[in-house]
Amino acid sequence: MQSSKRAQASEHVPTKSPVAPGPRTHGGSRTENTAPGLEERTSGEVTVVDPAMVKRAVSAAALGNAMEWFDFGVYSYIAVTLGHVFFPSGNPTAQLLSTFGAFAAAFLVRPLGGMFFGPLGDRIGRQKVLAITMIMMAAGTFAIGLIPSYASIGVGAPILLLAARLVQGFSTGGEYGGASTFIAEYAPDKKRGFLGSWLEFGTLAGYVGGAGLVTLMTALLSTDALNSWGWRIPFLIAGPMGIIGLYLRLRLEETPAFARLEQEARTKEKERREAERRIGIREMIFGQWRAMLLCVGLVLVFNVTDYMLLSYMPSYLTSELKYDATHGLLVVLAVMVLMMCVQPFMGRLTDRVGRRPVIAAGCAGFLLLSVPALLLIRQGSLFAIGLGMAALGLLLVCFTASMPSALPALFPTKVRYGSLSIGFNISVSLFGGTTPLVVTALIGATGNRMMPAYYMMAAAVIGGIAVLLMSESARKPLPGSPPAVETEAEARELIRASRGATGAGPVA
């Protein structure tokens with residue numbers, strides 16, 4: 001060692017730093033002129049993360065995601081009422097189609113949001129972009145609660161509703177890719193599945209909050225009260241909730257040690273960052289074409305089944321099966337709570353057995369059990385509906401627990417946020433968000449109320465093909481990043497094993 005100060009720097013791990021010791025680039029290389037630590041004393045390179053910092057990062061991403069998806073999910077839970085308010089018609093099916101049409105329109109702009117926010121997140125940082133998407137999402141949702149009804153301003157009401165939905169969709173285009181990338185890049189390799197599963201735990205928590213509030217209002221308010229003013233309540237709540245979510249994300253960004261690392265990286269890696277700014281959309285898509293196709297296939301089965309169960313089923317129970325709206329929402333709420341209980345354990349399972357086996361099990365389950373589950377739901381009894389919905393919910397957990405860690409591992413660090421955001425949102429826009437609209441239209445055209453099951457089965461086939469072609473990523477470093485561990489002892493062991501395999505000398 002050249003000095004005692006440098007020696008001390010190599011012996012301690014900063015308690016508030018996401019990596020230790022010293023900053024590293026997005027690709028995993030250490031910046032110059034930093035203290036020589038474990039990595040510099042060996043021929044290999046290992047990132048030692050601070051577990052406390054990782055927990056804060058996961059909490060901020062998951063809680064922020066819960067806020068976002070409370071806003072986005074409320075729309076689908078109260079879709080029938082919105083049909084009466086904004087699309088008056090004598091045909092309930094036409095009302096529902098119009099409402100879900102506005103719902104689907106937001107997904108059409110999500111790829112644009114991904115193309116804008118994804119590359120931006122690769123340039124200026126994940127947290128800054130996630131703060132921006134939080135503000136836009138909350139503002140769009142809050143605005144819906146202020147829109148006058150069709151009876152008050154006529155055709156202007158659905159136009160304003162559509163505009164607010166487009167703001168929501170554009171902002172959401174940068175949310176999932178950023179949040180999953182954020183957690184994946186913080187997590188140690190052996191726990192990436194478990195930590196990533198908390199992102200979808202946050203999504204489910206947001207859905208539970210939205211469903212619980214809508215259920216409470218449906219139970220306490222008369223139909224007239226709900227149609228006149230009650231429907232506005234969950235949308236207006238988005239304002240203060242958005243402020244809370246924004247605080248959580250900005251607070252993490254303002255951590256002194258993290259700010260110091262970002263400042264050093266910004267100063268010492270200017271040339272590298274300038275090179276990254278020249279990475280265009282074309283390279284993010286066509287330069288990663290195989291990974292992009294796999295991403296689209298995996299997201300397709302994930303989101304078709306997700307939106308079918310959590311967004312469409314409440315309306316299906318009410319409009320198609322004439323089931324009581326309150327009881328239908330309570331069933332969905334109970335299923336989501338069940339999913340939340342299983343989610344972390346399934347995430348840990350993906351770290352042990354791998355992402356591919358868990359995703360494959362979900363695809364096989366939806367292929368074989370979608371029809372039996374929907375037949376149970378169509379029987380109409382509370383027990384049968386609960387059993388069928390629970391079966392679909394547990395199968396869906398195979399995706400919610402594995403995708404947040406599997407999808408970021410498809411892409412290298414320099415384009416991860418951008419490529420993942422673009423691929424994810426293209427698939428969601430074409431297949432996920434349109435699920436309620438397409439299935440409602442298919443039922444209306446054919447009169448076959450088993451269409452939801454057939455649609456999920458088709459998605460499962462496509463997802464199964466993607467699983468067969470993807471590589472296993474569990475317990476492996478992210479592409480373009482060094483191995484990530486929790487302690488220096490783990491790092492020494494990993495390097496010792498690597499040196500033993502290559503015949504190098506012992507670790508000092």
# chains A, B, ... in the order shown; residues from 1 in each chain; ligands from 1
call {"tool": "residues_around", "arguments": {"residues": "Ala62 in chain A", "least_positions_apart": "3", "cutoff": "12 Å", "atoms": "only C-alpha atoms", "output": "ChimeraX atom specification"}}
result
/A:55-59,65-69,130,175-176,178-180,182-183,195-206,245,248-249,404
call {"tool": "write_last_selection", "arguments": {"atoms": "N, CA and C atoms", "output": "mmCIF file, in the first residue's frame"}}
result
data_model
loop_
_atom_site.group_PDB
_atom_site.id
_atom_site.type_symbol
_atom_site.label_atom_id
_atom_site.label_comp_id
_atom_site.auth_asym_id
_atom_site.auth_seq_id
_atom_site.Cartn_x
_atom_site.Cartn_y
_atom_site.Cartn_z
ATOM 1 N N LYS A 55 -31.619 -2.696 0.994
ATOM 2 C CA LYS A 55 -32.983 -2.722 1.529
ATOM 3 C C LYS A 55 -33.689 -1.397 1.293
ATOM 4 N N ARG A 56 -32.966 -0.307 1.471
ATOM 5 C CA ARG A 56 -33.584 1.001 1.230
ATOM 6 C C ARG A 56 -33.935 1.176 -0.235
ATOM 7 N N ALA A 57 -33.057 0.713 -1.120
ATOM 8 C CA ALA A 57 -33.324 0.831 -2.550
ATOM 9 C C ALA A 57 -34.536 0.013 -2.955
ATOM 10 N N VAL A 58 -34.620 -1.219 -2.466
ATOM 11 C CA VAL A 58 -35.757 -2.088 -2.784
ATOM 12 C C VAL A 58 -37.051 -1.492 -2.240
ATOM 13 N N SER A 59 -36.993 -0.976 -1.010
ATOM 14 C CA SER A 59 -38.190 -0.395 -0.401
ATOM 15 C C SER A 59 -38.679 0.811 -1.192
ATOM 16 N N ASN A 65 -43.610 1.934 -6.654
ATOM 17 C CA ASN A 65 -44.387 1.166 -7.623
ATOM 18 C C ASN A 65 -45.807 0.924 -7.124
ATOM 19 N N ALA A 66 -45.947 0.703 -5.823
ATOM 20 C CA ALA A 66 -47.284 0.524 -5.244
ATOM 21 C C ALA A 66 -48.122 1.781 -5.433
ATOM 22 N N MET A 67 -47.503 2.944 -5.241
ATOM 23 C CA MET A 67 -48.224 4.194 -5.447
ATOM 24 C C MET A 67 -48.679 4.327 -6.895
ATOM 25 N N GLU A 68 -47.759 4.025 -7.820
ATOM 26 C CA GLU A 68 -48.093 4.148 -9.239
ATOM 27 C C GLU A 68 -49.245 3.227 -9.622
ATOM 28 N N TRP A 69 -49.188 1.974 -9.155
ATOM 29 C CA TRP A 69 -50.178 1.012 -9.603
ATOM 30 C C TRP A 69 -51.483 1.086 -8.825
ATOM 31 N N LEU A 130 -37.286 7.861 -12.390
ATOM 32 C CA LEU A 130 -38.394 7.287 -11.631
ATOM 33 C C LEU A 130 -39.137 8.362 -10.848
ATOM 34 N N GLU A 175 -41.667 3.313 -16.021
ATOM 35 C CA GLU A 175 -41.702 2.879 -14.620
ATOM 36 C C GLU A 175 -41.152 1.478 -14.398
ATOM 37 N N TYR A 176 -41.720 0.470 -15.038
ATOM 38 C CA TYR A 176 -41.341 -0.898 -14.705
ATOM 39 C C TYR A 176 -39.887 -1.190 -15.080
ATOM 40 N N GLY A 178 -37.443 0.864 -15.298
ATOM 41 C CA GLY A 178 -36.547 1.551 -14.386
ATOM 42 C C GLY A 178 -36.515 0.925 -13.008
ATOM 43 N N ALA A 179 -37.685 0.593 -12.468
ATOM 44 C CA ALA A 179 -37.743 0.030 -11.119
ATOM 45 C C ALA A 179 -37.086 -1.346 -11.058
ATOM 46 N N SER A 180 -37.345 -2.191 -12.062
ATOM 47 C CA SER A 180 -36.729 -3.523 -12.054
ATOM 48 C C SER A 180 -35.221 -3.432 -12.282
ATOM 49 N N PHE A 182 -33.379 -0.871 -11.416
ATOM 50 C CA PHE A 182 -32.888 -0.268 -10.184
ATOM 51 C C PHE A 182 -32.609 -1.336 -9.127
ATOM 52 N N ILE A 183 -33.577 -2.234 -8.907
ATOM 53 C CA ILE A 183 -33.407 -3.283 -7.900
ATOM 54 C C ILE A 183 -32.365 -4.295 -8.357
ATOM 55 N N LEU A 195 -35.153 -10.299 -3.881
ATOM 56 C CA LEU A 195 -35.295 -8.854 -3.773
ATOM 57 C C LEU A 195 -36.157 -8.294 -4.911
ATOM 58 N N GLY A 196 -35.992 -8.842 -6.105
ATOM 59 C CA GLY A 196 -36.819 -8.380 -7.224
ATOM 60 C C GLY A 196 -38.294 -8.681 -7.028
ATOM 61 N N SER A 197 -38.605 -9.765 -6.311
ATOM 62 C CA SER A 197 -40.008 -10.126 -6.102
ATOM 63 C C SER A 197 -40.759 -9.066 -5.308
ATOM 64 N N TRP A 198 -40.032 -8.253 -4.548
ATOM 65 C CA TRP A 198 -40.705 -7.211 -3.778
ATOM 66 C C TRP A 198 -41.230 -6.090 -4.662
ATOM 67 N N LEU A 199 -40.718 -5.975 -5.878
ATOM 68 C CA LEU A 199 -41.257 -4.978 -6.795
ATOM 69 C C LEU A 199 -42.710 -5.303 -7.126
ATOM 70 N N GLU A 200 -42.970 -6.564 -7.469
ATOM 71 C CA GLU A 200 -44.346 -6.966 -7.761
ATOM 72 C C GLU A 200 -45.176 -7.069 -6.487
ATOM 73 N N PHE A 201 -44.539 -7.282 -5.348
ATOM 74 C CA PHE A 201 -45.260 -7.189 -4.079
ATOM 75 C C PHE A 201 -45.835 -5.783 -3.937
ATOM 76 N N GLY A 202 -45.030 -4.782 -4.309
ATOM 77 C CA GLY A 202 -45.526 -3.415 -4.280
ATOM 78 C C GLY A 202 -46.668 -3.194 -5.253
ATOM 79 N N THR A 203 -46.566 -3.786 -6.438
ATOM 80 C CA THR A 203 -47.651 -3.687 -7.409
ATOM 81 C C THR A 203 -48.943 -4.274 -6.846
ATOM 82 N N LEU A 204 -48.836 -5.464 -6.254
ATOM 83 C CA LEU A 204 -50.013 -6.100 -5.659
ATOM 84 C C LEU A 204 -50.573 -5.267 -4.515
ATOM 85 N N ALA A 205 -49.679 -4.673 -3.723
ATOM 86 C CA ALA A 205 -50.144 -3.827 -2.628
ATOM 87 C C ALA A 205 -50.927 -2.630 -3.164
ATOM 88 N N GLY A 206 -50.450 -2.055 -4.279
ATOM 89 C CA GLY A 206 -51.184 -0.964 -4.896
ATOM 90 C C GLY A 206 -52.543 -1.405 -5.404
ATOM 91 N N GLY A 245 -44.860 9.036 -2.607
ATOM 92 C CA GLY A 245 -43.985 8.230 -3.448
ATOM 93 C C GLY A 245 -42.790 9.009 -3.957
ATOM 94 N N LEU A 248 -40.192 9.374 -1.236
ATOM 95 C CA LEU A 248 -39.421 8.153 -1.015
ATOM 96 C C LEU A 248 -38.292 8.022 -2.023
ATOM 97 N N ARG A 249 -38.572 8.332 -3.264
ATOM 98 C CA ARG A 249 -37.558 8.175 -4.296
ATOM 99 C C ARG A 249 -36.503 9.278 -4.239
ATOM 100 N N PRO A 404 -39.212 -9.690 -12.483
ATOM 101 C CA PRO A 404 -38.382 -8.530 -12.141
ATOM 102 C C PRO A 404 -36.894 -8.822 -12.112
#
call {"tool": "residues_around", "arguments": {"residues": "Leu478 in chain A", "least_positions_apart": "3", "cutoff": "9 Å", "atoms": "only C-alpha atoms", "output": "list in words"}}
result
Ala184, Glu185, Asp189, Pro408, Ala409, Leu410, Phe411, Pro412, Thr413, Ser473, Ser481, Pro482, Pro483 and Ala484 of chain A
call {"tool": "residues_around", "arguments": {"residues": "Leu298 in chain A", "least_positions_apart": "5", "cutoff": "9 Å", "atoms": "only C-alpha atoms", "output": "list in words"}}
result
Leu293, Asn303, Ile359, Phe399, Met403, Leu407, Phe424, Ser427, Ile462, Gly463, Gly464, Ile465, Ala466 and Val467 of chain A
call {"tool": "write_last_selection", "arguments": {"atoms": "all heavy atoms", "output": "CSV table (one decimal), in the first residue's frame"}}
result
chain,number,residue,atom,x,y,z
A,293,LEU,N,-36.8,-9.9,-28.5
A,293,LEU,CA,-37.9,-10.8,-28.8
A,293,LEU,C,-38.2,-11.7,-27.6
A,293,LEU,O,-39.4,-12.0,-27.3
A,293,LEU,CB,-37.5,-11.7,-30.0
A,293,LEU,CG,-37.4,-11.0,-31.3
A,293,LEU,CD1,-37.0,-12.0,-32.4
A,293,LEU,CD2,-38.8,-10.5,-31.7
A,303,ASN,N,-48.2,-10.3,-18.7
A,303,ASN,CA,-49.2,-9.3,-18.7
A,303,ASN,C,-50.6,-9.7,-19.1
A,303,ASN,O,-51.6,-9.1,-18.6
A,303,ASN,CB,-48.7,-8.0,-19.4
A,303,ASN,CG,-47.7,-7.2,-18.6
A,303,ASN,OD1,-48.2,-6.3,-17.9
A,303,ASN,ND2,-46.5,-7.5,-18.6
A,359,ILE,N,-40.9,-20.0,-14.3
A,359,ILE,CA,-41.7,-19.4,-15.4
A,359,ILE,C,-42.3,-20.5,-16.2
A,359,ILE,O,-43.5,-20.4,-16.6
A,359,ILE,CB,-40.8,-18.5,-16.3
A,359,ILE,CG1,-40.3,-17.3,-15.4
A,359,ILE,CG2,-41.7,-17.9,-17.4
A,359,ILE,CD1,-39.3,-16.5,-16.2
A,399,PHE,N,-45.0,-15.8,-12.4
A,399,PHE,CA,-44.5,-14.7,-13.2
A,399,PHE,C,-44.1,-13.5,-12.4
A,399,PHE,O,-43.0,-12.9,-12.6
A,399,PHE,CB,-45.5,-14.3,-14.3
A,399,PHE,CG,-45.9,-15.5,-15.2
A,399,PHE,CD1,-47.2,-15.5,-15.6
A,399,PHE,CD2,-45.1,-16.5,-15.5
A,399,PHE,CE1,-47.7,-16.6,-16.4
A,399,PHE,CE2,-45.5,-17.5,-16.3
A,399,PHE,CZ,-46.8,-17.6,-16.7
A,403,MET,N,-40.2,-12.4,-13.0
A,403,MET,CA,-39.9,-11.5,-14.1
A,403,MET,C,-39.0,-10.3,-13.7
A,403,MET,O,-38.2,-9.8,-14.5
A,403,MET,CB,-41.2,-11.0,-14.7
A,403,MET,CG,-42.0,-12.1,-15.4
A,403,MET,SD,-41.1,-12.7,-16.9
A,403,MET,CE,-42.3,-13.9,-17.5
A,407,LEU,N,-36.0,-10.4,-16.4
A,407,LEU,CA,-36.0,-9.4,-17.6
A,407,LEU,C,-34.8,-8.5,-17.6
A,407,LEU,O,-34.2,-8.4,-18.7
A,407,LEU,CB,-37.3,-8.6,-17.5
A,407,LEU,CG,-38.6,-9.4,-17.7
A,407,LEU,CD1,-39.8,-8.5,-17.6
A,407,LEU,CD2,-38.6,-10.1,-19.1
A,424,PHE,N,-40.5,-4.1,-23.0
A,424,PHE,CA,-41.6,-4.4,-22.0
A,424,PHE,C,-42.9,-3.6,-22.5
A,424,PHE,O,-44.0,-4.2,-22.5
A,424,PHE,CB,-41.2,-3.9,-20.6
A,424,PHE,CG,-42.2,-4.2,-19.6
A,424,PHE,CD1,-42.1,-5.3,-18.8
A,424,PHE,CD2,-43.2,-3.2,-19.2
A,424,PHE,CE1,-43.1,-5.6,-17.8
A,424,PHE,CE2,-44.1,-3.5,-18.3
A,424,PHE,CZ,-44.1,-4.7,-17.5
A,427,SER,N,-44.7,-4.9,-25.7
A,427,SER,CA,-45.5,-6.1,-25.4
A,427,SER,C,-46.7,-5.8,-24.6
A,427,SER,O,-47.8,-6.3,-24.9
A,427,SER,CB,-44.6,-7.1,-24.7
A,427,SER,OG,-45.2,-8.4,-24.6
A,462,ILE,N,-47.0,-19.0,-26.1
A,462,ILE,CA,-46.0,-18.1,-26.5
A,462,ILE,C,-44.9,-17.9,-25.4
A,462,ILE,O,-43.7,-17.9,-25.7
A,462,ILE,CB,-46.6,-16.7,-26.9
A,462,ILE,CG1,-47.6,-16.9,-28.1
A,462,ILE,CG2,-45.5,-15.7,-27.2
A,462,ILE,CD1,-48.3,-15.6,-28.5
A,463,GLY,N,-45.4,-17.8,-24.2
A,463,GLY,CA,-44.5,-17.7,-23.1
A,463,GLY,C,-43.6,-18.9,-22.9
A,463,GLY,O,-42.4,-18.8,-22.6
A,464,GLY,N,-44.2,-20.1,-23.2
A,464,GLY,CA,-43.4,-21.3,-23.1
A,464,GLY,C,-42.3,-21.4,-24.1
A,464,GLY,O,-41.2,-21.8,-23.8
A,465,ILE,N,-42.6,-20.9,-25.3
A,465,ILE,CA,-41.5,-20.8,-26.3
A,465,ILE,C,-40.4,-19.9,-25.9
A,465,ILE,O,-39.2,-20.3,-26.0
A,465,ILE,CB,-42.1,-20.4,-27.7
A,465,ILE,CG1,-43.1,-21.4,-28.2
A,465,ILE,CG2,-41.0,-20.2,-28.7
A,465,ILE,CD1,-43.9,-21.0,-29.4
A,466,ALA,N,-40.7,-18.8,-25.3
A,466,ALA,CA,-39.7,-17.8,-24.9
A,466,ALA,C,-38.8,-18.5,-23.7
A,466,ALA,O,-37.6,-18.3,-23.7
A,466,ALA,CB,-40.3,-16.5,-24.4
A,467,VAL,N,-39.5,-19.2,-22.8
A,467,VAL,CA,-38.7,-19.9,-21.8
A,467,VAL,C,-37.7,-20.9,-22.3
A,467,VAL,O,-36.6,-21.0,-21.8
A,467,VAL,CB,-39.7,-20.6,-20.8
A,467,VAL,CG1,-38.9,-21.4,-19.8
A,467,VAL,CG2,-40.6,-19.5,-20.1
call {"tool": "atom_distance", "arguments": {"atom1": "CA of Asn227 in chain A", "atom2": "CA of Gly386 in chain A"}}
result
28.0 Å
call {"tool": "select_by_dssp", "arguments": {"residues": "range 266-504 of chain A", "states": "helix (DSSP H, G or I)", "output": "ChimeraX atom specification"}}
result
/A:266-268,270-277,281-286,289-320,325-353,355-378,382-400,403-406,408-410,413-432,435-446,451-469,488-502
call {"tool": "atom_distance", "arguments": {"atom1": "CA of Ile377 in chain A", "atom2": "CA of Pro436 in chain A"}}
result
17.1 Å
call {"tool": "atom_distance", "arguments": {"atom1": "CA of Ser471 in chain A", "atom2": "CA of Val129 in chain A"}}
result
29.2 Å
call {"tool": "residues_around", "arguments": {"residues": "Ala361 in chain A", "least_positions_apart": "5", "cutoff": "12 Å", "atoms": "only C-alpha atoms", "output": "list of chain:residue names"}}
result
A:Met346, A:Thr350, A:Val353, A:Gly354, A:Arg355, A:Arg356, A:Phe366, A:Leu367, A:Leu368, A:Leu369, A:Leu394, A:Leu395, A:Leu396, A:Val397, A:Cys398, A:Phe399, A:Ser402, A:Ala460, A:Val461, A:Gly463, A:Gly464, A:Val467, A:Leu468
call {"tool": "write_last_selection", "arguments": {"atoms": "C-alpha atoms", "output": "tab-separated table (two decimals), in the first residue's frame"}}
result
chain	number	residue	atom	x	y	z
A	346	MET	CA	-41.62	-17.75	-4.67
A	350	THR	CA	-36.29	-18.62	-8.13
A	353	VAL	CA	-34.08	-23.56	-8.59
A	354	GLY	CA	-33.74	-20.85	-11.25
A	355	ARG	CA	-36.03	-18.44	-13.12
A	356	ARG	CA	-36.68	-20.77	-16.07
A	366	PHE	CA	-52.13	-21.67	-17.44
A	367	LEU	CA	-52.18	-23.97	-20.47
A	368	LEU	CA	-53.69	-26.86	-18.51
A	369	LEU	CA	-55.79	-25.14	-15.85
A	394	LEU	CA	-51.06	-18.75	-7.63
A	395	LEU	CA	-50.06	-19.48	-11.22
A	396	LEU	CA	-49.62	-15.76	-11.83
A	397	VAL	CA	-47.18	-15.58	-8.89
A	398	CYS	CA	-44.80	-17.73	-10.96
A	399	PHE	CA	-44.46	-14.69	-13.23
A	402	SER	CA	-39.50	-14.16	-11.41
A	460	ALA	CA	-49.04	-19.49	-22.20
A	461	VAL	CA	-47.90	-21.17	-25.44
A	463	GLY	CA	-44.47	-17.65	-23.08
A	464	GLY	CA	-43.41	-21.31	-23.06
A	467	VAL	CA	-38.73	-19.86	-21.75
A	468	LEU	CA	-37.22	-22.60	-23.91
call {"tool": "residues_around", "arguments": {"residues": "Leu310 in chain A", "least_positions_apart": "2", "cutoff": "9 Å", "atoms": "only C-alpha atoms", "output": "PyMOL selection string"}}
result
chain A and resi 73+76-77+207+305-308+312-314+332-333+336+393
call {"tool": "write_last_selection", "arguments": {"atoms": "C-alpha atoms", "output": "compact mmCIF listing (two decimals), in the first residue's frame"}}
result
# COMPACT_ATOMS: atom_id res chain seq x y z
CA GLY A 73 -55.35 0.03 -11.13
CA SER A 76 -60.02 -0.85 -14.02
CA TYR A 77 -61.74 -1.56 -10.70
CA TYR A 207 -53.85 -3.12 -6.49
CA THR A 305 -52.56 -13.23 -17.40
CA ASP A 306 -51.95 -10.33 -15.01
CA TYR A 307 -54.45 -7.95 -16.61
CA MET A 308 -56.91 -10.78 -17.18
CA TYR A 312 -60.64 -7.71 -16.26
CA MET A 313 -62.08 -10.32 -13.89
CA PRO A 314 -63.95 -7.86 -11.63
CA VAL A 332 -60.26 -10.43 -6.28
CA LEU A 333 -59.00 -8.59 -3.21
CA MET A 336 -54.31 -10.54 -4.34
CA GLY A 393 -53.57 -16.17 -8.84
call {"tool": "closest_residue", "arguments": {"among": "A:Thr487, A:Ser370, A:Ser421, A:Ser149", "to": "Val299 in chain A", "atoms": "only C-alpha atoms"}}
result
A:Ser421
call {"tool": "closest_residue", "arguments": {"among": "A:Val335, A:Pro111, A:Gly177, A:Cys341", "to": "Leu387 in chain A", "atoms": "only C-alpha atoms"}}
result
A:Val335
